[in-house]
Every structure is written in structure tokens, then in C-alpha cells.
>>> print(open('target.pdb').read())   # PDB, C-alpha atoms, pLDDT in the B column
ATOM      1  CA  MET A   1     211.215 146.702 120.117  1.00 48.00           C
ATOM      2  CA  GLY A   2     210.019 150.154 119.238  1.00 45.00           C
ATOM      3  CA  GLU A   3     206.968 148.662 117.518  1.00 43.00           C
ATOM      4  CA  VAL A   4     206.054 146.708 120.699  1.00 39.00           C
ATOM      5  CA  HIS A   5     206.238 149.842 122.826  1.00 43.00           C
ATOM      6  CA  ALA A   6     204.098 151.727 120.302  1.00 42.00           C
ATOM      7  CA  LEU A   7     201.460 148.973 120.314  1.00 38.00           C
ATOM      8  CA  ASP A   8     201.395 148.932 124.127  1.00 48.00           C
ATOM      9  CA  ALA A   9     200.873 152.694 124.202  1.00 45.00           C
ATOM     10  CA  LEU A  10     198.124 152.518 121.595  1.00 35.00           C
ATOM     11  CA  MET A  11     196.216 149.844 123.539  1.00 38.00           C
ATOM     12  CA  ARG A  12     196.640 151.804 126.758  1.00 47.00           C
ATOM     13  CA  ASP A  13     195.571 155.169 125.419  1.00 44.00           C
ATOM     14  CA  ARG A  14     193.045 154.362 122.678  1.00 40.00           C
ATOM     15  CA  PRO A  15     189.701 152.532 122.917  1.00 41.00           C
ATOM     16  CA  ILE A  16     190.815 149.373 121.096  1.00 38.00           C
ATOM     17  CA  TRP A  17     188.462 146.381 121.195  1.00 38.00           C
ATOM     18  CA  ARG A  18     190.554 143.381 122.275  1.00 37.00           C
ATOM     19  CA  GLY A  19     187.980 140.731 121.433  1.00 39.00           C
ATOM     20  CA  ARG A  20     187.309 139.648 125.010  1.00 38.00           C
ATOM     21  CA  ALA A  21     184.882 141.774 127.012  1.00 35.00           C
ATOM     22  CA  PRO A  22     181.301 141.710 125.651  1.00 35.00           C
ATOM     23  CA  LEU A  23     179.763 145.007 124.759  1.00 37.00           C
ATOM     24  CA  SER A  24     177.358 146.323 127.379  1.00 39.00           C
ATOM     25  CA  PRO A  25     173.760 146.856 126.240  1.00 42.00           C
ATOM     26  CA  ALA A  26     172.793 150.421 125.494  1.00 43.00           C
ATOM     27  CA  ARG A  27     171.172 152.137 128.460  1.00 50.00           C
ATOM     28  CA  ASP A  28     169.850 155.215 126.778  1.00 66.00           C
ATOM     29  CA  GLY A  29     166.322 154.997 128.113  1.00 85.00           C
ATOM     30  CA  VAL A  30     164.523 156.821 130.873  1.00 92.00           C
ATOM     31  CA  ALA A  31     163.180 154.670 133.698  1.00 95.00           C
ATOM     32  CA  THR A  32     159.514 153.715 133.488  1.00 96.00           C
ATOM     33  CA  GLY A  33     159.185 153.623 137.268  1.00 94.00           C
ATOM     34  CA  PHE A  34     158.548 149.864 137.176  1.00 95.00           C
ATOM     35  CA  ALA A  35     161.583 147.639 137.800  1.00 94.00           C
ATOM     36  CA  ALA A  36     160.259 144.573 135.952  1.00 94.00           C
ATOM     37  CA  LEU A  37     159.514 146.553 132.806  1.00 95.00           C
ATOM     38  CA  ASP A  38     162.852 148.380 132.892  1.00 95.00           C
ATOM     39  CA  ALA A  39     164.642 145.028 133.226  1.00 93.00           C
ATOM     40  CA  ALA A  40     162.839 143.705 130.142  1.00 93.00           C
ATOM     41  CA  LEU A  41     163.890 146.635 127.949  1.00 94.00           C
ATOM     42  CA  PRO A  42     167.421 146.892 126.512  1.00 90.00           C
ATOM     43  CA  GLY A  43     167.456 150.655 127.051  1.00 90.00           C
ATOM     44  CA  GLN A  44     166.348 150.189 130.663  1.00 92.00           C
ATOM     45  CA  GLY A  45     163.195 152.241 130.133  1.00 95.00           C
ATOM     46  CA  TRP A  46     161.198 154.377 127.729  1.00 97.00           C
ATOM     47  CA  ILE A  47     162.923 155.917 124.718  1.00 96.00           C
ATOM     48  CA  ALA A  48     164.208 159.213 126.078  1.00 94.00           C
ATOM     49  CA  ALA A  49     164.421 160.995 122.730  1.00 96.00           C
ATOM     50  CA  GLY A  50     162.075 159.332 120.304  1.00 97.00           C
ATOM     51  CA  LEU A  51     158.640 157.820 119.867  1.00 98.00           C
ATOM     52  CA  ASN A  52     157.176 155.223 122.221  1.00 98.00           C
ATOM     53  CA  GLU A  53     154.037 153.450 121.029  1.00 97.00           C
ATOM     54  CA  VAL A  54     151.475 152.024 123.466  1.00 98.00           C
ATOM     55  CA  LEU A  55     148.744 149.856 121.958  1.00 97.00           C
ATOM     56  CA  VAL A  56     145.492 149.449 123.883  1.00 97.00           C
ATOM     57  CA  PRO A  57     142.314 147.430 123.204  1.00 96.00           C
ATOM     58  CA  CYS A  58     140.214 150.302 124.543  1.00 95.00           C
ATOM     59  CA  ASP A  59     140.633 153.497 126.526  1.00 95.00           C
ATOM     60  CA  GLY A  60     141.230 153.228 130.246  1.00 93.00           C
ATOM     61  CA  VAL A  61     142.979 149.851 130.496  1.00 95.00           C
ATOM     62  CA  GLY A  62     145.933 151.322 132.368  1.00 95.00           C
ATOM     63  CA  GLU A  63     147.784 153.425 129.820  1.00 96.00           C
ATOM     64  CA  LEU A  64     147.889 156.435 132.147  1.00 97.00           C
ATOM     65  CA  GLU A  65     148.942 154.314 135.132  1.00 96.00           C
ATOM     66  CA  LEU A  66     151.798 153.075 132.991  1.00 97.00           C
ATOM     67  CA  LEU A  67     152.961 156.562 132.021  1.00 98.00           C
ATOM     68  CA  TRP A  68     152.317 158.541 135.208  1.00 97.00           C
ATOM     69  CA  PRO A  69     155.666 157.744 136.920  1.00 97.00           C
ATOM     70  CA  LEU A  70     157.607 159.160 133.969  1.00 97.00           C
ATOM     71  CA  LEU A  71     155.277 162.134 133.539  1.00 98.00           C
ATOM     72  CA  ALA A  72     155.507 162.945 137.240  1.00 98.00           C
ATOM     73  CA  ARG A  73     159.298 162.875 137.132  1.00 97.00           C
ATOM     74  CA  VAL A  74     159.402 165.021 133.994  1.00 97.00           C
ATOM     75  CA  SER A  75     157.131 167.643 135.553  1.00 97.00           C
ATOM     76  CA  VAL A  76     159.013 167.666 138.872  1.00 97.00           C
ATOM     77  CA  ASP A  77     162.229 168.242 136.927  1.00 96.00           C
ATOM     78  CA  GLY A  78     160.632 171.378 135.482  1.00 96.00           C
ATOM     79  CA  ALA A  79     159.854 170.194 131.946  1.00 97.00           C
ATOM     80  CA  GLN A  80     156.493 170.543 130.245  1.00 97.00           C
ATOM     81  CA  VAL A  81     154.068 167.648 129.747  1.00 98.00           C
ATOM     82  CA  VAL A  82     151.676 168.072 126.807  1.00 98.00           C
ATOM     83  CA  LEU A  83     148.550 166.075 125.966  1.00 98.00           C
ATOM     84  CA  VAL A  84     147.420 166.554 122.375  1.00 97.00           C
ATOM     85  CA  GLU A  85     143.726 165.826 121.770  1.00 96.00           C
ATOM     86  CA  PRO A  86     143.225 163.350 124.641  1.00 96.00           C
ATOM     87  CA  PRO A  87     140.039 161.274 124.251  1.00 94.00           C
ATOM     88  CA  TYR A  88     138.719 162.514 127.600  1.00 94.00           C
ATOM     89  CA  LEU A  89     139.272 165.577 129.739  1.00 93.00           C
ATOM     90  CA  PRO A  90     141.990 164.647 132.260  1.00 94.00           C
ATOM     91  CA  TYR A  91     140.780 164.362 135.867  1.00 96.00           C
ATOM     92  CA  ALA A  92     143.094 166.800 137.632  1.00 97.00           C
ATOM     93  CA  PRO A  93     142.924 165.219 141.147  1.00 97.00           C
ATOM     94  CA  ALA A  94     144.080 161.861 139.750  1.00 97.00           C
ATOM     95  CA  TRP A  95     147.010 163.437 137.918  1.00 98.00           C
ATOM     96  CA  HIS A  96     147.943 165.392 141.036  1.00 98.00           C
ATOM     97  CA  ALA A  97     147.765 162.223 143.166  1.00 97.00           C
ATOM     98  CA  ALA A  98     150.082 160.533 140.664  1.00 97.00           C
ATOM     99  CA  GLY A  99     152.685 163.226 141.328  1.00 98.00           C
ATOM    100  CA  VAL A 100     152.308 165.251 138.143  1.00 98.00           C
ATOM    101  CA  LYS A 101     152.788 168.975 138.670  1.00 98.00           C
ATOM    102  CA  LEU A 102     149.604 170.425 137.225  1.00 98.00           C
ATOM    103  CA  GLU A 103     151.259 173.750 136.430  1.00 97.00           C
ATOM    104  CA  ARG A 104     153.489 171.810 134.009  1.00 97.00           C
ATOM    105  CA  LEU A 105     150.608 169.953 132.366  1.00 98.00           C
ATOM    106  CA  HIS A 106     149.201 171.398 129.134  1.00 97.00           C
ATOM    107  CA  ILE A 107     146.257 170.187 127.070  1.00 97.00           C
ATOM    108  CA  ILE A 108     145.838 171.005 123.385  1.00 96.00           C
ATOM    109  CA  ARG A 109     142.302 170.737 122.015  1.00 93.00           C
ATOM    110  CA  GLY A 110     141.170 171.812 118.579  1.00 83.00           C
ATOM    111  CA  ASP A 111     140.648 170.392 115.131  1.00 85.00           C
ATOM    112  CA  PRO A 112     141.405 166.632 115.346  1.00 81.00           C
ATOM    113  CA  LYS A 113     142.799 166.824 111.814  1.00 83.00           C
ATOM    114  CA  GLU A 114     145.594 169.038 113.132  1.00 92.00           C
ATOM    115  CA  ALA A 115     146.400 166.853 116.144  1.00 94.00           C
ATOM    116  CA  LEU A 116     149.355 165.049 114.585  1.00 95.00           C
ATOM    117  CA  TRP A 117     150.787 168.339 113.330  1.00 95.00           C
ATOM    118  CA  ALA A 118     150.435 169.854 116.823  1.00 96.00           C
ATOM    119  CA  ALA A 119     152.074 166.811 118.446  1.00 97.00           C
ATOM    120  CA  GLU A 120     154.931 166.975 115.961  1.00 97.00           C
ATOM    121  CA  GLN A 121     155.542 170.666 116.669  1.00 97.00           C
ATOM    122  CA  CYS A 122     155.519 170.115 120.430  1.00 97.00           C
ATOM    123  CA  MET A 123     157.943 167.192 120.202  1.00 98.00           C
ATOM    124  CA  ARG A 124     160.278 169.116 117.925  1.00 97.00           C
ATOM    125  CA  SER A 125     160.218 172.340 119.966  1.00 96.00           C
ATOM    126  CA  GLY A 126     162.754 171.284 122.584  1.00 95.00           C
ATOM    127  CA  ALA A 127     160.500 172.839 125.247  1.00 95.00           C
ATOM    128  CA  CYS A 128     158.647 169.646 126.199  1.00 97.00           C
ATOM    129  CA  GLY A 129     159.849 166.732 128.271  1.00 97.00           C
ATOM    130  CA  ALA A 130     156.994 164.448 127.242  1.00 98.00           C
ATOM    131  CA  VAL A 131     154.216 164.675 124.660  1.00 98.00           C
ATOM    132  CA  LEU A 132     151.253 162.284 124.468  1.00 98.00           C
ATOM    133  CA  CYS A 133     148.990 161.917 121.458  1.00 98.00           C
ATOM    134  CA  TRP A 134     146.208 159.520 120.479  1.00 96.00           C
ATOM    135  CA  PRO A 135     146.406 158.993 116.697  1.00 92.00           C
ATOM    136  CA  GLN A 136     143.675 156.678 115.404  1.00 82.00           C
ATOM    137  CA  LEU A 137     144.434 156.361 111.708  1.00 79.00           C
ATOM    138  CA  ALA A 138     148.050 157.500 111.492  1.00 85.00           C
ATOM    139  CA  ASN A 139     150.028 155.944 108.655  1.00 88.00           C
ATOM    140  CA  ASP A 140     153.711 155.052 108.633  1.00 91.00           C
ATOM    141  CA  ARG A 141     154.675 158.437 107.197  1.00 93.00           C
ATOM    142  CA  ALA A 142     152.887 160.361 109.954  1.00 93.00           C
ATOM    143  CA  LEU A 143     154.432 158.209 112.688  1.00 96.00           C
ATOM    144  CA  ARG A 144     157.870 158.611 111.154  1.00 96.00           C
ATOM    145  CA  ARG A 145     157.468 162.380 111.322  1.00 96.00           C
ATOM    146  CA  LEU A 146     156.653 162.059 115.025  1.00 97.00           C
ATOM    147  CA  GLN A 147     159.697 159.859 115.576  1.00 97.00           C
ATOM    148  CA  VAL A 148     161.999 162.336 113.810  1.00 97.00           C
ATOM    149  CA  ALA A 149     160.454 165.272 115.694  1.00 98.00           C
ATOM    150  CA  ALA A 150     160.871 163.587 119.087  1.00 98.00           C
ATOM    151  CA  GLU A 151     164.511 162.812 118.314  1.00 97.00           C
ATOM    152  CA  ALA A 152     165.159 166.380 117.166  1.00 97.00           C
ATOM    153  CA  GLY A 153     163.540 167.850 120.277  1.00 97.00           C
ATOM    154  CA  SER A 154     165.050 165.317 122.718  1.00 96.00           C
ATOM    155  CA  CYS A 155     161.507 164.547 123.825  1.00 97.00           C
ATOM    156  CA  SER A 156     159.859 161.383 125.099  1.00 98.00           C
ATOM    157  CA  GLY A 157     156.992 161.102 122.644  1.00 98.00           C
ATOM    158  CA  PHE A 158     154.079 158.726 123.181  1.00 98.00           C
ATOM    159  CA  ALA A 159     151.542 157.575 120.625  1.00 98.00           C
ATOM    160  CA  ILE A 160     148.652 155.730 122.276  1.00 97.00           C
ATOM    161  CA  ARG A 161     146.979 153.732 119.536  1.00 96.00           C
ATOM    162  CA  PRO A 162     144.263 151.087 119.231  1.00 95.00           C
ATOM    163  CA  SER A 163     145.280 147.432 119.250  1.00 95.00           C
ATOM    164  CA  ARG A 164     144.032 147.005 115.686  1.00 93.00           C
ATOM    165  CA  ALA A 165     147.258 148.765 114.610  1.00 92.00           C
ATOM    166  CA  LEU A 166     149.291 145.923 116.097  1.00 89.00           C
ATOM    167  CA  GLY A 167     149.797 144.192 112.753  1.00 86.00           C
ATOM    168  CA  ASN A 168     150.947 147.352 110.986  1.00 87.00           C
ATOM    169  CA  PRO A 169     154.651 148.249 110.819  1.00 86.00           C
ATOM    170  CA  SER A 170     155.724 151.233 112.878  1.00 92.00           C
ATOM    171  CA  PRO A 171     158.881 153.376 112.962  1.00 94.00           C
ATOM    172  CA  ALA A 172     158.601 153.743 116.760  1.00 96.00           C
ATOM    173  CA  PRO A 173     161.738 152.275 118.400  1.00 96.00           C
ATOM    174  CA  LEU A 174     159.604 150.898 121.240  1.00 97.00           C
ATOM    175  CA  ARG A 175     156.145 149.314 120.950  1.00 97.00           C
ATOM    176  CA  ILE A 176     154.290 147.915 123.935  1.00 97.00           C
ATOM    177  CA  ALA A 177     150.794 146.417 123.962  1.00 97.00           C
ATOM    178  CA  ILE A 178     148.596 146.315 127.046  1.00 97.00           C
ATOM    179  CA  GLU A 179     146.756 142.998 127.279  1.00 95.00           C
ATOM    180  CA  PRO A 180     143.732 143.404 129.554  1.00 90.00           C
ATOM    181  CA  GLY A 181     143.706 139.859 130.925  1.00 80.00           C
ATOM    182  CA  PRO A 182     142.923 139.081 133.654  1.00 88.00           C
ATOM    183  CA  PRO A 183     145.604 139.468 134.699  1.00 91.00           C
ATOM    184  CA  ARG A 184     146.726 142.529 132.785  1.00 92.00           C
ATOM    185  CA  GLN A 185     150.064 142.137 131.042  1.00 96.00           C
ATOM    186  CA  LEU A 186     152.478 144.158 128.953  1.00 97.00           C
ATOM    187  CA  ARG A 187     153.788 142.614 125.779  1.00 96.00           C
ATOM    188  CA  VAL A 188     156.885 144.210 124.276  1.00 96.00           C
ATOM    189  CA  LEU A 189     156.440 143.986 120.510  1.00 95.00           C
ATOM    190  CA  LYS A 190     159.513 145.900 119.434  1.00 94.00           C
ATOM    191  CA  CYS A 191     162.476 147.400 121.271  1.00 93.00           C
ATOM    192  CA  ARG A 192     165.577 149.083 119.927  1.00 88.00           C
ATOM    193  CA  GLY A 193     168.798 147.214 120.560  1.00 84.00           C
ATOM    194  CA  ALA A 194     167.503 143.671 121.149  1.00 86.00           C
ATOM    195  CA  ASN A 195     164.803 141.174 120.357  1.00 88.00           C
ATOM    196  CA  PRO A 196     161.591 141.625 122.347  1.00 90.00           C
ATOM    197  CA  PRO A 197     161.315 139.387 125.416  1.00 89.00           C
ATOM    198  CA  ALA A 198     159.499 136.148 124.705  1.00 90.00           C
ATOM    199  CA  ARG A 199     157.238 136.420 127.717  1.00 92.00           C
ATOM    200  CA  PRO A 200     154.896 139.247 128.681  1.00 93.00           C
ATOM    201  CA  VAL A 201     155.658 141.439 131.678  1.00 94.00           C
ATOM    202  CA  PRO A 202     153.039 141.572 134.456  1.00 93.00           C
ATOM    203  CA  PHE A 203     151.234 144.888 134.522  1.00 91.00           C
ATOM    204  CA  PRO A 204     152.763 146.914 137.395  1.00 86.00           C
ATOM    205  CA  ALA A 205     149.542 147.036 139.429  1.00 74.00           C
ATOM    206  CA  GLU A 206     149.355 143.217 139.334  1.00 63.00           C
ATOM    207  CA  ALA A 207     153.083 142.618 139.773  1.00 54.00           C
ATOM    208  CA  GLY A 208     153.112 143.184 143.518  1.00 47.00           C
TER     209      GLY A 208
END
>>> encode(input="target.pdb", output="C-alpha cells")
Amino acid sequence: MGEVHALDALMRDRPIWRGRAPLSPARDGVATGFAALDAALPGQGWIAAGLNEVLVPCDGVGELELLWPLLARVSVDGAQVVLVEPPYLPYAPAWHAAGVKLERLHIIRGDPKEALWAAEQCMRSGACGAVLCWPQLANDRALRRLQVAAEAGSCSGFAIRPSRALGNPSPAPLRIAIEPGPPRQLRVLKCRGANPPARPVPFPAEAG
């Protein structure tokens, strides 16, 4: 009888798996700002501390529209948003209209050869809420360094890369490709914690 009482106490006080209730999916992401995309991702959003990869066929197909809700929230919360070697000079009125606090927005320009190193340092610093970079020819080793740095700095890192990198392996826990359409769509290529959804997600601007 003593053994029965001990087992009852153990099951009451300790987190024993009883083989019945399914495990809930991990919800360690940060909301994208778009309900349909969050619902398609096992983490319910962007990777909060790690590297997110966005693949685009060309610049200006909606990559900033996709990221602005998160960047606005990060800046409003008081964290820094850093753009490392963006392909174009950001248009301040558009960023302001998207809700990004311009006093929290920083742009790093310099030697393109040092861009990945600068992005890695910003992600690792712990002082940045989100860091965006645009690597063109980054190999697996360089991307892995970004992933490790973003994890270490608890930073949402973003690598915006050309679609030609789609067939190359990547250490990023989340990879999303923008398909220009029409209509524009988002295809989840890789997501931590589950298989990617079979169907593309409508691009937020077209989802309404």
C-alpha cells in the first residue's frame, strides 16, 4: 500500500508523461503581425532568437511589408533595429508610416565584404531586437555563424537572400520564399518543429 501512495504522490507532484495528452506545439516565436502566416508556423511567428531567411526573386517584392509589423513592435518596445548594408537607402517616411520608431532605426554602411561580420556582431551583442542583412553569396558556414550569433544575442535575425539560393541548404530554422505571382504568395520552405505547410500562404496584402 505504501508503494501505491508513493506512486500517487509522484504523479501528482512531478511532471510525469502519462501517455494520453498530446504534446502542445512549441510556441517560441514572435508574431509576424499576420494571422494566416502565424497559424502556418509551428512557433506561431518569426524565430525570436535565431536566423530567419527570406528569399526574394528581386528587391522590392514585399520583403519590407512582411517585416515591418515585427520591426515596428520591436522599436516601440525600446529595442534597436539595425539594417546592415541595405541595397537601397531606406525611405524614412515609409518606415515611419509603418510604425517603426526612427530613433531606434540604425543603418550600417561600409565595406560590403565586412557586412556579414557587422551583422554577426550586432546579432550577438544583445543590444538589438532585430537585425536585417542582405547577403548575396553567403555560404553555409557564414549563415551558421549568423544563426549562432542571433541565438546568443536573443535577437531576431533576418537574412534577405535571392531566390537562386533556394536550392542550397541553410542552417536558418525558418525559411520563407516570396512568390511574386500574381497573386503574391509566401511559401514556407523550412520551419523548426514541424514539416512546412503543403500550400502557400497568401501574401498579407492580398489576403484581405
>>> residues_around(input="target.pdb", residues="Trp95 in chain A", least_positions_apart="6", cutoff="10 Å", atoms="all atoms listed in the file", output="number ranges by chain")
A: 64-65, 68, 71-72, 101-102, 105
>>> closest_residue(input="target.pdb", among="A:Val54, A:Glu114, A:Gly29, A:Ser156", to="Pro42 in chain A", atoms="all atoms listed in the file")
A:Gly29
>>> atom_distance(input="target.pdb", atom1="CA of Glu63 in chain A", atom2="CA of Pro183 in chain A")
14.9 Å
>>> resolve_selection(input="target.pdb", expression="the PyMOL selection byres ((chain A and resi 87) around 12)", output="JSON, numbers by chain")
{"A": [58, 59, 60, 83, 84, 85, 86, 88, 89, 90, 107, 108, 109, 112, 115, 132, 133, 134, 135, 136, 160, 161]}
>>> residues_around(input="target.pdb", residues="Ala35 in chain A", least_positions_apart="5", cutoff="10 Å", atoms="all atoms listed in the file", output="PyMOL selection string")
chain A and resi 40+44-45+204
>>> resolve_selection(input="target.pdb", expression="the PyMOL selection byres ((chain A and resi 127) around 12)", output="PDB file with C-alpha atoms, in the frame of the given file")
ATOM      1  CA  VAL A  74     159.402 165.021 133.994  1.00 97.00           C
ATOM      2  CA  GLY A  78     160.632 171.378 135.482  1.00 96.00           C
ATOM      3  CA  ALA A  79     159.854 170.194 131.946  1.00 97.00           C
ATOM      4  CA  GLN A  80     156.493 170.543 130.245  1.00 97.00           C
ATOM      5  CA  VAL A  81     154.068 167.648 129.747  1.00 98.00           C
ATOM      6  CA  VAL A  82     151.676 168.072 126.807  1.00 98.00           C
ATOM      7  CA  ARG A 104     153.489 171.810 134.009  1.00 97.00           C
ATOM      8  CA  GLN A 121     155.542 170.666 116.669  1.00 97.00           C
ATOM      9  CA  CYS A 122     155.519 170.115 120.430  1.00 97.00           C
ATOM     10  CA  MET A 123     157.943 167.192 120.202  1.00 98.00           C
ATOM     11  CA  ARG A 124     160.278 169.116 117.925  1.00 97.00           C
ATOM     12  CA  SER A 125     160.218 172.340 119.966  1.00 96.00           C
ATOM     13  CA  GLY A 126     162.754 171.284 122.584  1.00 95.00           C
ATOM     14  CA  CYS A 128     158.647 169.646 126.199  1.00 97.00           C
ATOM     15  CA  GLY A 129     159.849 166.732 128.271  1.00 97.00           C
ATOM     16  CA  ALA A 130     156.994 164.448 127.242  1.00 98.00           C
ATOM     17  CA  VAL A 131     154.216 164.675 124.660  1.00 98.00           C
ATOM     18  CA  ALA A 150     160.871 163.587 119.087  1.00 98.00           C
ATOM     19  CA  ALA A 152     165.159 166.380 117.166  1.00 97.00           C
ATOM     20  CA  GLY A 153     163.540 167.850 120.277  1.00 97.00           C
ATOM     21  CA  SER A 154     165.050 165.317 122.718  1.00 96.00           C
ATOM     22  CA  CYS A 155     161.507 164.547 123.825  1.00 97.00           C
ATOM     23  CA  SER A 156     159.859 161.383 125.099  1.00 98.00           C
TER      24      SER A 156
END
>>> residues_around(input="target.pdb", residues="Pro57 in chain A", least_positions_apart="3", cutoff="9 Å", atoms="only C-alpha atoms", output="list of chain:residue names")
A:Val61, A:Arg161, A:Pro162, A:Ser163, A:Arg164, A:Ala177, A:Ile178, A:Glu179, A:Pro180
>>> resolve_selection(input="target.pdb", expression="the PyMOL selection byres ((chain A and resi 37) around 10)", output="list of chain:residue names")
A:Ala31, A:Thr32, A:Gly33, A:Phe34, A:Ala35, A:Ala36, A:Asp38, A:Ala39, A:Ala40, A:Leu41, A:Gln44, A:Gly45, A:Trp46, A:Leu186, A:Arg187, A:Val188, A:Pro200, A:Val201, A:Pro202, A:Phe203, A:Pro204
>>> axis_aligned_box(input="target.pdb", around="range 157-176 of chain A", padding_each_side="6 Å", output="lines of an AutoDock Vina configuration file")
center_x = 152.9
center_y = 152.6
center_z = 117.4
size_x = 29.7
size_y = 28.9
size_z = 25.1
>>> residues_near_point(input="target.pdb", point="(157.1, 149.6, 110.1)", cutoff="10 Å", atoms="all atoms listed in the file", output="list in words")
Asn139, Asp140, Arg141, Leu143, Arg144, Gly167, Asn168, Pro169, Ser170, Pro171, Ala172 and Pro173 of chain A
>>> closest_residue(input="target.pdb", among="A:Ala119, A:Leu174, A:Leu70, A:Leu146", to="Arg192 in chain A", atoms="only C-alpha atoms")
A:Leu174
>>> atom_distance(input="target.pdb", atom1="CA of Ala159 in chain A", atom2="CA of Leu55 in chain A")
8.3 Å
